[in-house]
Amino acid sequence: MTAANPPAIGDLVQDPEGRQLVVTDLRSGQLIVRALRSSRERPVEDPTVLTVLARRGTWGGYPDGQARG
């Protein structure tokens with residue numbers, strides 16, 4: 001993350017361990033994230049370690065971009 005590109009609600013981000021997370025909320029100045037396909041949320045202690053992969057509204061579906069169903 002850079003100061004010019006901070007994560008926002010709805011963004012897809014990646015943590016240092018390589019996990020892809022969704023920013024779901026901002027509470028008391030602290031980002032709240034959850035893993036893809038999970039409902040368990042957790043706060044992020046240091047948002048500077050997150051990398052924004054995609055902005056809200058520009059991601060979704062399957063990683064390869066192919067529709068299923």
# chains A, B, ... in the order shown; residues from 1 in each chain; ligands from 1
>>> residues_around(residues="region 46-51 of chain A", least_positions_apart="3", cutoff="7 Å", atoms="only C-alpha atoms", output="list in words")
Met1, Val13, Gln14, Asp15 and Pro16 of chain A
>>> atom_distance(atom1="CA of Arg19 (chain A)", atom2="CA of Gly60 (chain A)")
15.7 Å
>>> closest_residue(among="A:Gln30, A:Thr58, A:Asn5, A:Gln20", to="Pro43 (chain A)", atoms="only C-alpha atoms")
A:Gln30
>>> select_by_dssp(residues="region 3-62 of chain A", states="strand (DSSP E)", output="PyMOL selection string")
chain A and resi 12-14+20-27+30-35+41-43+51-54
>>> write_last_selection(atoms="N, CA, C and O atoms", output="CSV table (one decimal), in the first residue's frame")
chain,number,residue,atom,x,y,z
A,12,LEU,N,-10.4,-5.5,-2.9
A,12,LEU,CA,-9.7,-6.8,-2.8
A,12,LEU,C,-8.3,-6.5,-2.5
A,12,LEU,O,-7.6,-5.8,-3.2
A,13,VAL,N,-7.8,-7.0,-1.4
A,13,VAL,CA,-6.4,-6.8,-0.9
A,13,VAL,C,-5.7,-8.1,-0.7
A,13,VAL,O,-6.3,-9.1,-0.6
A,14,GLN,N,-4.3,-8.0,-0.6
A,14,GLN,CA,-3.6,-9.2,-0.2
A,14,GLN,C,-2.7,-8.9,0.9
A,14,GLN,O,-2.1,-7.8,1.0
A,20,GLN,N,-5.8,-13.5,0.1
A,20,GLN,CA,-6.7,-12.5,-0.5
A,20,GLN,C,-7.8,-12.2,0.4
A,20,GLN,O,-8.5,-13.1,0.9
A,21,LEU,N,-8.0,-10.9,0.7
A,21,LEU,CA,-9.0,-10.4,1.7
A,21,LEU,C,-9.9,-9.4,1.1
A,21,LEU,O,-9.5,-8.7,0.1
A,22,VAL,N,-11.1,-9.2,1.6
A,22,VAL,CA,-12.0,-8.1,1.2
A,22,VAL,C,-12.1,-7.1,2.4
A,22,VAL,O,-12.3,-7.5,3.5
A,23,VAL,N,-11.9,-5.8,2.1
A,23,VAL,CA,-12.1,-4.8,3.1
A,23,VAL,C,-13.6,-4.6,3.3
A,23,VAL,O,-14.3,-4.2,2.3
A,24,THR,N,-14.2,-4.9,4.5
A,24,THR,CA,-15.6,-4.9,4.7
A,24,THR,C,-16.1,-3.7,5.4
A,24,THR,O,-17.3,-3.3,5.4
A,25,ASP,N,-15.2,-3.0,6.2
A,25,ASP,CA,-15.7,-2.0,7.1
A,25,ASP,C,-14.5,-1.1,7.6
A,25,ASP,O,-13.3,-1.5,7.4
A,26,LEU,N,-14.8,0.0,8.1
A,26,LEU,CA,-13.8,0.9,8.8
A,26,LEU,C,-14.4,1.3,10.1
A,26,LEU,O,-15.4,2.0,10.1
A,27,ARG,N,-13.9,0.8,11.2
A,27,ARG,CA,-14.4,1.1,12.5
A,27,ARG,C,-13.3,1.8,13.3
A,27,ARG,O,-12.2,1.2,13.5
A,30,GLN,N,-9.9,1.9,12.0
A,30,GLN,CA,-9.3,0.6,11.7
A,30,GLN,C,-10.0,-0.2,10.6
A,30,GLN,O,-11.2,-0.4,10.7
A,31,LEU,N,-9.3,-0.7,9.6
A,31,LEU,CA,-9.8,-1.5,8.6
A,31,LEU,C,-10.3,-2.9,9.1
A,31,LEU,O,-9.6,-3.5,9.9
A,32,ILE,N,-11.4,-3.3,8.6
A,32,ILE,CA,-11.9,-4.6,9.0
A,32,ILE,C,-11.9,-5.5,7.7
A,32,ILE,O,-12.4,-5.0,6.6
A,33,VAL,N,-11.4,-6.7,7.7
A,33,VAL,CA,-11.3,-7.5,6.5
A,33,VAL,C,-11.8,-8.9,6.8
A,33,VAL,O,-12.0,-9.3,7.9
A,34,ARG,N,-12.2,-9.6,5.7
A,34,ARG,CA,-12.5,-11.0,5.8
A,34,ARG,C,-11.9,-11.7,4.6
A,34,ARG,O,-11.7,-11.1,3.5
A,35,ALA,N,-11.6,-13.0,4.8
A,35,ALA,CA,-11.1,-13.8,3.7
A,35,ALA,C,-12.2,-14.1,2.7
A,35,ALA,O,-13.4,-14.0,3.0
A,41,GLU,N,-14.8,-11.9,10.2
A,41,GLU,CA,-14.1,-10.6,10.0
A,41,GLU,C,-13.1,-10.4,11.1
A,41,GLU,O,-13.2,-11.0,12.2
A,42,ARG,N,-12.0,-9.6,10.7
A,42,ARG,CA,-11.0,-9.3,11.7
A,42,ARG,C,-10.4,-8.0,11.4
A,42,ARG,O,-10.4,-7.5,10.3
A,43,PRO,N,-9.9,-7.3,12.5
A,43,PRO,CA,-9.3,-6.0,12.2
A,43,PRO,C,-7.9,-6.2,11.7
A,43,PRO,O,-7.3,-7.2,11.9
A,51,THR,N,-1.7,-5.0,0.2
A,51,THR,CA,-1.5,-4.6,-1.2
A,51,THR,C,-2.9,-4.6,-1.9
A,51,THR,O,-3.6,-5.6,-1.8
A,52,VAL,N,-3.3,-3.5,-2.5
A,52,VAL,CA,-4.6,-3.4,-3.2
A,52,VAL,C,-4.5,-4.2,-4.5
A,52,VAL,O,-3.6,-3.8,-5.3
A,53,LEU,N,-5.3,-5.2,-4.7
A,53,LEU,CA,-5.3,-6.0,-5.9
A,53,LEU,C,-6.3,-5.5,-6.9
A,53,LEU,O,-6.1,-5.5,-8.1
A,54,ALA,N,-7.5,-5.0,-6.4
A,54,ALA,CA,-8.5,-4.5,-7.3
A,54,ALA,C,-9.5,-3.6,-6.4
A,54,ALA,O,-9.7,-3.9,-5.2
